[in-house]
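The file start01.txt comes next; it holds compact mmCIF, C-alpha atoms.
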```
# COMPACT_ATOMS: atom_id res chain seq x y z
CA MET A 1394 -11.54 -12.07 -11.80
CA SER A 1395 -10.64 -9.07 -9.66
CA LYS A 1396 -12.25 -5.80 -8.65
CA ALA A 1397 -9.98 -2.84 -9.33
CA TYR A 1398 -10.47 0.49 -7.55
CA VAL A 1399 -9.01 3.68 -8.98
CA PHE A 1400 -8.57 7.16 -7.51
CA PRO A 1401 -8.57 10.48 -9.40
CA GLY A 1402 -5.97 13.24 -9.35
CA GLN A 1403 -5.92 17.01 -9.56
CA GLY A 1404 -8.62 18.45 -11.84
CA ALA A 1405 -11.54 16.40 -10.47
CA GLN A 1406 -12.44 18.99 -7.82
CA PHE A 1407 -15.76 20.88 -7.73
CA SER A 1408 -17.55 23.14 -5.27
CA GLY A 1409 -19.74 21.06 -2.94
CA MET A 1410 -17.44 18.02 -3.10
CA GLY A 1411 -17.79 15.62 -0.16
CA LYS A 1412 -20.79 17.45 1.32
CA GLU A 1413 -23.25 14.62 0.69
CA LEU A 1414 -20.89 12.07 2.28
CA TYR A 1415 -20.37 14.38 5.27
CA GLU A 1416 -24.10 14.70 5.84
CA SER A 1417 -24.92 11.01 5.43
CA HIS A 1418 -22.09 9.15 7.25
CA SER A 1419 -20.82 9.81 10.78
CA SER A 1420 -17.41 8.32 9.86
CA ALA A 1421 -17.16 10.71 6.88
CA LYS A 1422 -18.03 13.65 9.16
CA GLU A 1423 -15.32 12.58 11.61
CA LEU A 1424 -12.60 12.30 8.93
CA ILE A 1425 -13.52 15.56 7.20
CA ASP A 1426 -13.63 17.45 10.52
CA GLN A 1427 -10.25 15.93 11.41
CA SER A 1428 -8.84 17.19 8.10
CA ASN A 1429 -9.16 20.82 9.21
CA ASP A 1430 -6.93 20.11 12.23
CA ILE A 1431 -4.36 18.14 10.22
CA LEU A 1432 -4.07 20.84 7.54
CA GLY A 1433 -4.38 23.87 9.80
CA PHE A 1434 -6.98 25.59 7.61
CA ASP A 1435 -10.70 25.16 6.91
CA ILE A 1436 -10.56 22.71 4.00
CA LYS A 1437 -14.13 21.58 4.73
CA ASN A 1438 -15.53 25.05 4.04
CA ILE A 1439 -13.54 25.38 0.79
CA MET A 1440 -14.67 21.90 -0.37
CA PHE A 1441 -18.32 22.61 0.39
CA ASN A 1442 -18.56 26.31 -0.55
CA GLY A 1443 -15.32 27.39 -2.24
CA SER A 1444 -15.13 29.12 -5.61
CA GLU A 1445 -13.52 27.44 -8.61
CA GLU A 1446 -10.57 29.81 -8.12
CA GLU A 1447 -10.05 28.79 -4.46
CA LEU A 1448 -10.36 25.09 -5.28
CA LYS A 1449 -7.80 25.40 -8.08
CA GLN A 1450 -4.87 26.25 -5.78
CA THR A 1451 -2.58 23.21 -5.59
CA LYS A 1452 -2.38 23.36 -1.77
CA VAL A 1453 -6.21 23.11 -1.67
CA THR A 1454 -6.92 20.88 -4.68
CA GLN A 1455 -4.70 17.97 -3.72
CA PRO A 1456 -5.95 17.55 -0.12
CA ALA A 1457 -9.57 18.14 -1.23
CA VAL A 1458 -9.51 15.43 -3.92
CA PHE A 1459 -7.65 13.08 -1.56
CA ILE A 1460 -10.17 13.60 1.28
CA HIS A 1461 -13.20 13.12 -0.95
CA SER A 1462 -11.73 10.00 -2.59
CA VAL A 1463 -10.64 8.26 0.60
CA VAL A 1464 -13.85 9.07 2.46
CA ALA A 1465 -15.93 7.79 -0.50
CA ALA A 1466 -14.00 4.50 -0.47
CA LEU A 1467 -14.00 3.97 3.29
CA THR A 1468 -17.71 4.70 3.72
CA SER A 1469 -18.77 2.44 0.83
CA GLU A 1470 -20.32 -0.80 2.09
CA ASP A 1471 -18.97 -2.97 -0.69
CA PHE A 1472 -15.43 -1.54 -0.80
CA ASN A 1473 -13.25 -4.61 -1.09
CA PRO A 1474 -10.38 -3.99 -3.51
CA GLU A 1475 -8.23 -6.73 -5.02
CA MET A 1476 -6.04 -4.18 -6.82
CA VAL A 1477 -5.80 -0.38 -6.65
CA ALA A 1478 -4.24 2.49 -8.58
CA GLY A 1479 -4.40 6.27 -8.45
CA HIS A 1480 -3.73 8.94 -11.06
CA SER A 1481 -0.83 11.09 -9.78
CA LEU A 1482 -2.09 12.45 -6.43
CA GLY A 1483 -4.64 9.60 -6.48
CA GLU A 1484 -1.83 7.15 -5.72
CA PHE A 1485 -1.85 8.47 -2.13
CA SER A 1486 -5.63 7.93 -1.87
CA ALA A 1487 -5.12 4.38 -3.18
CA LEU A 1488 -2.48 3.70 -0.50
CA VAL A 1489 -4.81 4.78 2.32
CA ALA A 1490 -7.64 2.71 0.84
CA ASN A 1491 -5.50 -0.44 0.67
CA GLY A 1492 -4.13 -0.11 4.21
CA VAL A 1493 -0.59 1.18 3.55
CA LEU A 1494 -1.07 4.63 5.11
CA SER A 1495 -3.38 5.91 7.82
CA PHE A 1496 -5.78 8.66 6.76
CA GLN A 1497 -3.89 11.17 8.93
CA ASP A 1498 -0.45 10.27 7.52
CA GLY A 1499 -1.78 10.15 3.96
CA LEU A 1500 -3.33 13.62 4.25
CA SER A 1501 -0.23 15.03 5.89
CA LEU A 1502 1.97 13.68 3.03
CA VAL A 1503 -0.44 15.01 0.39
CA SER A 1504 -0.33 18.44 2.02
CA LYS A 1505 3.49 18.42 2.10
CA ARG A 1506 3.59 17.20 -1.51
CA ALA A 1507 1.21 19.98 -2.61
CA SER A 1508 3.20 22.73 -0.92
CA ALA A 1509 6.51 21.33 -2.25
CA MET A 1510 5.05 21.26 -5.79
CA GLN A 1511 3.68 24.80 -5.37
CA LYS A 1512 7.17 26.01 -4.36
CA ALA A 1513 8.79 24.24 -7.32
CA CYS A 1514 6.24 25.90 -9.64
CA GLU A 1515 7.10 29.33 -8.23
CA MET A 1516 10.83 28.76 -8.81
CA GLN A 1517 10.40 28.53 -12.58
CA ALA A 1518 7.59 29.48 -14.94
CA SER A 1519 6.34 26.24 -16.47
CA THR A 1520 3.18 24.59 -17.77
CA MET A 1521 1.52 21.51 -19.28
CA ALA A 1522 -0.42 20.86 -22.50
CA ALA A 1523 -2.87 18.17 -23.61
CA VAL A 1524 -2.12 16.48 -26.93
CA LEU A 1525 -4.87 14.53 -28.73
CA GLY A 1526 -4.76 12.22 -31.70
CA LEU A 1527 -1.10 11.19 -31.95
CA THR A 1528 0.77 8.03 -30.95
CA ASP A 1529 2.95 8.08 -27.84
CA GLU A 1530 6.04 7.61 -30.01
CA VAL A 1531 5.43 10.75 -32.08
CA VAL A 1532 4.83 12.86 -28.95
CA GLU A 1533 7.98 11.50 -27.28
CA ARG A 1534 10.06 12.18 -30.41
CA VAL A 1535 8.83 15.77 -30.74
CA CYS A 1536 9.56 16.44 -27.05
CA LYS A 1537 13.07 15.06 -27.50
CA GLU A 1538 13.69 17.22 -30.58
CA THR A 1539 12.39 20.44 -28.95
CA PRO A 1540 15.02 22.68 -27.29
CA GLY A 1541 14.55 23.24 -23.53
CA VAL A 1542 12.75 21.06 -21.00
CA VAL A 1543 9.58 19.36 -22.31
CA VAL A 1544 8.58 15.74 -21.66
CA ALA A 1545 5.61 13.39 -21.94
CA ALA A 1546 4.05 13.60 -18.47
CA ASN A 1547 0.67 11.81 -18.45
CA TYR A 1548 -0.12 8.78 -20.63
CA ASN A 1549 -3.88 9.06 -20.02
CA CYS A 1550 -5.27 6.74 -22.69
CA PRO A 1551 -4.35 5.80 -26.26
CA GLY A 1552 -4.18 9.03 -28.29
CA GLN A 1553 -4.31 11.32 -25.24
CA LEU A 1554 -1.06 12.50 -23.72
CA VAL A 1555 -0.11 15.48 -21.58
CA ILE A 1556 3.29 17.12 -22.02
CA SER A 1557 5.04 19.17 -19.34
CA GLY A 1558 7.96 21.59 -19.10
CA GLU A 1559 9.23 25.13 -19.59
CA ILE A 1560 6.64 27.49 -21.11
CA ASP A 1561 8.59 28.24 -24.31
CA ALA A 1562 9.47 24.58 -24.85
CA VAL A 1563 5.85 23.45 -24.32
CA ASN A 1564 4.56 26.11 -26.75
CA ALA A 1565 7.16 25.15 -29.35
CA ALA A 1566 6.34 21.45 -28.95
CA CYS A 1567 2.60 22.20 -29.35
CA GLU A 1568 3.26 23.92 -32.69
CA LYS A 1569 5.34 20.98 -33.93
CA LEU A 1570 2.76 18.46 -32.72
CA LYS A 1571 0.03 20.26 -34.68
CA GLU A 1572 2.25 20.02 -37.77
CA GLU A 1573 2.59 16.28 -37.06
CA GLY A 1574 -1.21 15.97 -37.20
CA ALA A 1575 -2.37 16.38 -33.58
CA LYS A 1576 -6.14 16.99 -33.39
CA ARG A 1577 -5.39 19.33 -30.51
CA ALA A 1578 -2.35 20.57 -28.62
CA LEU A 1579 -3.74 22.80 -25.92
CA VAL A 1580 -1.93 24.48 -23.02
CA LEU A 1581 -3.70 23.63 -19.74
CA PRO A 1582 -4.59 26.02 -16.91
CA VAL A 1583 -2.22 24.42 -14.39
CA GLY A 1584 0.26 25.88 -11.91
CA GLY A 1585 3.36 24.30 -13.38
CA ALA A 1586 5.20 21.41 -14.98
CA PHE A 1587 4.07 18.45 -12.90
CA HIS A 1588 5.72 15.07 -13.58
CA SER A 1589 8.75 16.65 -15.24
CA PRO A 1590 12.40 17.21 -14.22
CA LEU A 1591 11.35 20.71 -13.06
CA MET A 1592 9.75 19.06 -10.00
CA GLU A 1593 13.16 17.96 -8.69
CA PRO A 1594 13.15 20.40 -5.70
CA ALA A 1595 9.73 19.03 -4.67
CA ARG A 1596 10.96 15.43 -5.04
CA GLU A 1597 13.75 16.00 -2.51
CA GLU A 1598 11.34 17.54 -0.01
CA LEU A 1599 8.80 14.73 -0.42
CA ALA A 1600 11.47 12.04 -0.08
CA GLU A 1601 12.28 13.32 3.39
CA ALA A 1602 8.61 13.38 4.46
CA ILE A 1603 8.05 9.84 3.15
CA GLN A 1604 11.07 8.50 5.06
CA ASP A 1605 9.59 9.91 8.28
CA THR A 1606 6.17 8.29 7.72
CA SER A 1607 5.06 4.84 8.81
CA PHE A 1608 4.01 2.53 5.94
CA SER A 1609 2.25 -0.86 6.40
CA THR A 1610 2.05 -3.87 4.08
CA PRO A 1611 -0.81 -3.34 1.63
CA ASN A 1612 -3.99 -5.46 1.60
CA CYS A 1613 -3.66 -5.78 -2.21
CA PRO A 1614 -1.25 -4.68 -4.95
CA VAL A 1615 -1.00 -1.00 -5.85
CA TYR A 1616 -0.23 -0.34 -9.51
CA GLN A 1617 2.13 2.61 -9.42
CA ASN A 1618 2.36 5.46 -11.92
CA VAL A 1619 6.12 5.24 -12.42
CA ASP A 1620 6.21 1.88 -14.23
CA ALA A 1621 2.54 0.74 -14.21
CA LYS A 1622 3.34 -2.43 -12.25
CA GLY A 1623 1.59 -3.83 -9.17
CA TYR A 1624 3.56 -3.74 -5.89
CA THR A 1625 3.13 -4.97 -2.33
CA GLY A 1626 6.66 -4.31 -1.00
CA VAL A 1627 6.74 -1.25 1.26
CA GLU A 1628 10.25 -0.03 0.34
CA THR A 1629 9.51 -0.20 -3.40
CA ILE A 1630 6.19 1.60 -2.90
CA LYS A 1631 7.96 4.43 -1.04
CA LYS A 1632 10.69 4.75 -3.66
CA ASN A 1633 8.12 4.85 -6.50
CA LEU A 1634 6.05 7.52 -4.71
CA VAL A 1635 9.08 9.80 -4.62
CA LEU A 1636 10.08 9.09 -8.24
CA GLN A 1637 6.51 9.83 -9.33
CA LEU A 1638 6.96 13.59 -8.97
CA THR A 1639 9.57 13.84 -11.73
CA SER A 1640 8.41 10.85 -13.81
CA PRO A 1641 5.45 10.41 -16.18
CA VAL A 1642 2.10 9.01 -15.03
CA ARG A 1643 1.76 5.77 -17.01
CA TRP A 1644 -2.01 5.50 -16.65
CA THR A 1645 -2.74 3.75 -19.97
CA GLN A 1646 -0.16 1.10 -19.13
CA SER A 1647 -1.43 0.73 -15.53
CA VAL A 1648 -4.97 0.02 -16.74
CA GLN A 1649 -3.68 -2.40 -19.40
CA ASN A 1650 -1.60 -4.25 -16.78
CA MET A 1651 -4.48 -4.45 -14.31
CA ILE A 1652 -6.71 -5.91 -17.04
CA SER A 1653 -4.09 -8.47 -18.06
CA ASP A 1654 -3.68 -9.38 -14.36
CA GLY A 1655 -7.40 -10.18 -14.13
CA ALA A 1656 -9.31 -6.93 -13.42
CA SER A 1657 -12.94 -7.57 -14.36
CA SER A 1658 -14.31 -4.15 -13.28
CA PHE A 1659 -13.01 -0.71 -12.33
CA THR A 1660 -14.63 1.46 -9.67
CA GLU A 1661 -13.58 5.11 -9.46
CA CYS A 1662 -13.66 6.47 -5.89
CA GLY A 1663 -13.95 10.22 -5.52
CA PRO A 1664 -15.08 13.30 -7.42
CA GLY A 1665 -15.82 13.19 -11.14
CA LYS A 1666 -15.82 10.44 -13.76
CA VAL A 1667 -12.57 11.13 -15.60
CA LEU A 1668 -10.94 7.79 -14.85
CA GLN A 1669 -14.04 5.80 -15.80
CA GLY A 1670 -13.84 7.49 -19.20
CA LEU A 1671 -10.11 6.76 -19.56
CA VAL A 1672 -10.58 3.07 -18.65
CA LYS A 1673 -13.27 2.81 -21.34
CA LYS A 1674 -10.86 4.32 -23.87
CA VAL A 1675 -8.30 1.65 -23.02
CA ASP A 1676 -10.89 -1.17 -23.18
CA ARG A 1677 -14.41 -0.41 -24.46
CA GLU A 1678 -15.78 -3.67 -23.02
CA MET A 1679 -14.64 -2.99 -19.45
CA VAL A 1680 -17.31 -2.53 -16.75
CA VAL A 1681 -16.88 0.73 -14.82
CA PHE A 1682 -18.56 2.15 -11.71
CA GLY A 1683 -18.22 5.25 -9.58
CA ILE A 1684 -18.44 5.90 -5.84
CA SER A 1685 -18.66 9.56 -4.98
```
Hey, can you dump this file as structure tokens for me?
Amino acid sequence: MSKAYVFPGQGAQFSGMGKELYESHSSAKELIDQSNDILGFDIKNIMFNGSEEELKQTKVTQPAVFIHSVVAALTSEDFNPEMVAGHSLGEFSALVANGVLSFQDGLSLVSKRASAMQKACEMQASTMAAVLGLTDEVVERVCKETPGVVVAANYNCPGQLVISGEIDAVNAACEKLKEEGAKRALVLPVGGAFHSPLMEPAREELAEAIQDTSFSTPNCPVYQNVDAKGYTGVETIKKNLVLQLTSPVRWTQSVQNMISDGASSFTECGPGKVLQGLVKKVDREMVVFGIS
């Protein structure tokens, strides 16, 4: 039986995040102080004291959640993963935690990814919406039938999907999904259409940054968002990281695959408890923990 460790994505941020770790571990203090130099702005101050508005900016959110997650994992005494996965941005945290990327390189890539995504969002008005209470198949069919760009973007747990695309297409799809019996189809307060074809400009930029970064063989398999399978080959991991920007996050399937490959518990590293909740929705019997 294996211990699985999972890492949250954008949306888990809160004011005061990481402060307790900073004050109680010298290694956490060192990494968080280093982050300011790597990023070229005072991320520590925004994490500890920033407003919700400041923390919501993609260029802040992604590094902040990454820093908190990685520091939580690396300062935990019993951190010994046998498999890892991360939700969207969390995949980068997972790769630092399982020895593929150094903290510095991981943070630098996350920062480049965030700014590339921000730019892609500014190029075209776009959004995402949460859909509750329908099967994946119905959501996929409605997206396909809706004119314009709208796709299933996050398979979070059975009956909870996020769609992503052009504003008009997402709104039209939400109306149709309600007619199909969705409990809710709610546009989310996000900067743009993450995990959709509209992220193509960001994908090209990230691909270049990843090629220039040194990757090591992982200590354990990383279950990647693109196809929910566990990988240890460096070239495949790189390729999947790039594809992730324009592809859906297959979180439900990742959790299911980790369980069928022997995961006996899931520990969420980082801010919030979102992933613990999603794991429980995939398998009510599963044991979950959190390190924050």
Hey, what's within 10 Å of Phe1496 in chain A if we count only C-alpha atoms and toss same-chain stuff fewer than 3 positions away? As a ChimeraX atom specification, please? /A:1424,1427-1428,1459-1460,1463-1464,1485-1486,1488-1490,1492-1493,1499-1502
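Restricting the calculation to all atoms listed in the file, the smallest distance between Ala1523 in chain A and any of A:Glu1416, A:Ser1504, A:Gln1646, A:Leu1579 is found for A:Leu1579.
Going from CA of Asp1561 in chain A over to CA of Leu1636 in chain A, you cover 25.0 Å.
The neighbours of Ala1545 in chain A here are the residues that come within 10 Å of it, using only C-alpha atoms and leaving out any residue fewer than 5 positions away in the same chain; they are Met1521, Ala1522, Ala1523, Val1524, Asp1529, Glu1530, Val1532, Glu1533, Arg1534, Val1535, Cys1536, Lys1537, Leu1554, Val1555, Ile1556, Ser1557, Gly1558, His1588, Ser1589, Ser1640, Pro1641, Val1642 and Arg1643 of chain A.
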Would you work out the distance separating CA of Gln1497 in chain A from CA of Ser1685 in chain A, expressed in Å to one decimal? 20.4 Å
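Nearest-residue note for Ala1566 in chain A: choosing from A:Glu1593, A:Glu1515, A:Glu1423, A:Glu1538, the minimum distance belongs to A:Glu1538, counting only C-alpha atoms.
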Using all atoms listed in the file, find the one residue out of A:Leu1527, A:Met1651, A:Asn1491, A:His1480 that sits nearest to Lys1571 in chain A.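 Residue with the minimum atom-to-atom distance to Lys1571 in chain A: A:Leu1527.
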Would you kindly identify which residues have an atom no farther than 12 Å from (-12.3, 28.9, -1.1), using only C-alpha atoms and the file's own coordinates, and write them out as an MDAnalysis selection string? chainID A and resid 1406:1409 1434:1450 1452:1454 1457
Deliver the residues from the most recent selection as a file, using C-alpha atoms, as a tab-separated table (two decimals), in the frame of the given file.
```
chain	number	residue	atom	x	y	z
A	1406	GLN	CA	-12.44	18.99	-7.82
A	1407	PHE	CA	-15.76	20.88	-7.73
A	1408	SER	CA	-17.55	23.14	-5.27
A	1409	GLY	CA	-19.74	21.06	-2.94
A	1434	PHE	CA	-6.98	25.59	7.61
A	1435	ASP	CA	-10.70	25.16	6.91
A	1436	ILE	CA	-10.56	22.71	4.00
A	1437	LYS	CA	-14.13	21.58	4.73
A	1438	ASN	CA	-15.53	25.05	4.04
A	1439	ILE	CA	-13.54	25.38	0.79
A	1440	MET	CA	-14.67	21.90	-0.37
A	1441	PHE	CA	-18.32	22.61	0.39
A	1442	ASN	CA	-18.56	26.31	-0.55
A	1443	GLY	CA	-15.32	27.39	-2.24
A	1444	SER	CA	-15.13	29.12	-5.61
A	1445	GLU	CA	-13.52	27.44	-8.61
A	1446	GLU	CA	-10.57	29.81	-8.12
A	1447	GLU	CA	-10.05	28.79	-4.46
A	1448	LEU	CA	-10.36	25.09	-5.28
A	1449	LYS	CA	-7.80	25.40	-8.08
A	1450	GLN	CA	-4.87	26.25	-5.78
A	1452	LYS	CA	-2.38	23.36	-1.77
A	1453	VAL	CA	-6.21	23.11	-1.67
A	1454	THR	CA	-6.92	20.88	-4.68
A	1457	ALA	CA	-9.57	18.14	-1.23
```
Which is closer to Gly1655 in chain A than all the others in A:Met1476, A:Phe1587, A:Pro1401, A:Val1619, using only C-alpha atoms?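 So, comparing all the options, the nearest one is A:Met1476.
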Polymer residues at most 7 Å from Val1458 in chain A, only C-alpha atoms, same-chain spacing of 5 or more positions, as JSON, numbers by chain: {"A": [1402, 1403, 1405, 1406, 1664]}
Using C-alpha atoms, can you write the selected residues to a file as a PDB file, in the frame of the given file?
```
ATOM      1  CA  GLY A1402      -5.970  13.240  -9.350  1.00  0.00           C
ATOM      2  CA  GLN A1403      -5.920  17.010  -9.560  1.00  0.00           C
ATOM      3  CA  ALA A1405     -11.540  16.400 -10.470  1.00  0.00           C
ATOM      4  CA  GLN A1406     -12.440  18.990  -7.820  1.00  0.00           C
ATOM      5  CA  PRO A1664     -15.080  13.300  -7.420  1.00  0.00           C
TER       6      PRO A1664
END
```
Please compute the CA of Thr1660 in chain A-CA of Arg1506 in chain A distance, one decimal, in Å. 25.4 Å
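Residue nearest Gly1552 in chain A within the list A:Ala1565, A:Met1592, A:Met1394, A:Val1675: A:Val1675 [criterion: smallest interatomic distance, only C-alpha atoms].
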Report as JSON the centre and the edge lengths, in Å to one decimal, of the axis-aligned box holding every listed atom of range 1646-1665 of chain A, padded by 8 Å on each side.
```
{"center_x": -8.0, "center_y": 1.6, "center_z": -12.5, "size_x": 31.7, "size_y": 39.5, "size_z": 29.9}
```
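The shortest atom-to-atom distance to Glu1573 in chain A, with all atoms listed in the file taken into account, belongs to A:Thr1528 out of A:Ser1508, A:Gln1604, A:Thr1528, A:Ser1420.
Here the residues that fall within 9 Å of (-15.7, 8.4, -0.5), using only C-alpha atoms, are given as A:Gly1411, A:Leu1414, A:Ala1421, A:Ile1460, A:His1461, A:Ser1462, A:Val1463, A:Val1464, A:Ala1465, A:Ala1466, A:Leu1467, A:Thr1468, A:Ser1469, A:Cys1662, A:Gly1663, A:Pro1664, A:Ile1684, A:Ser1685.
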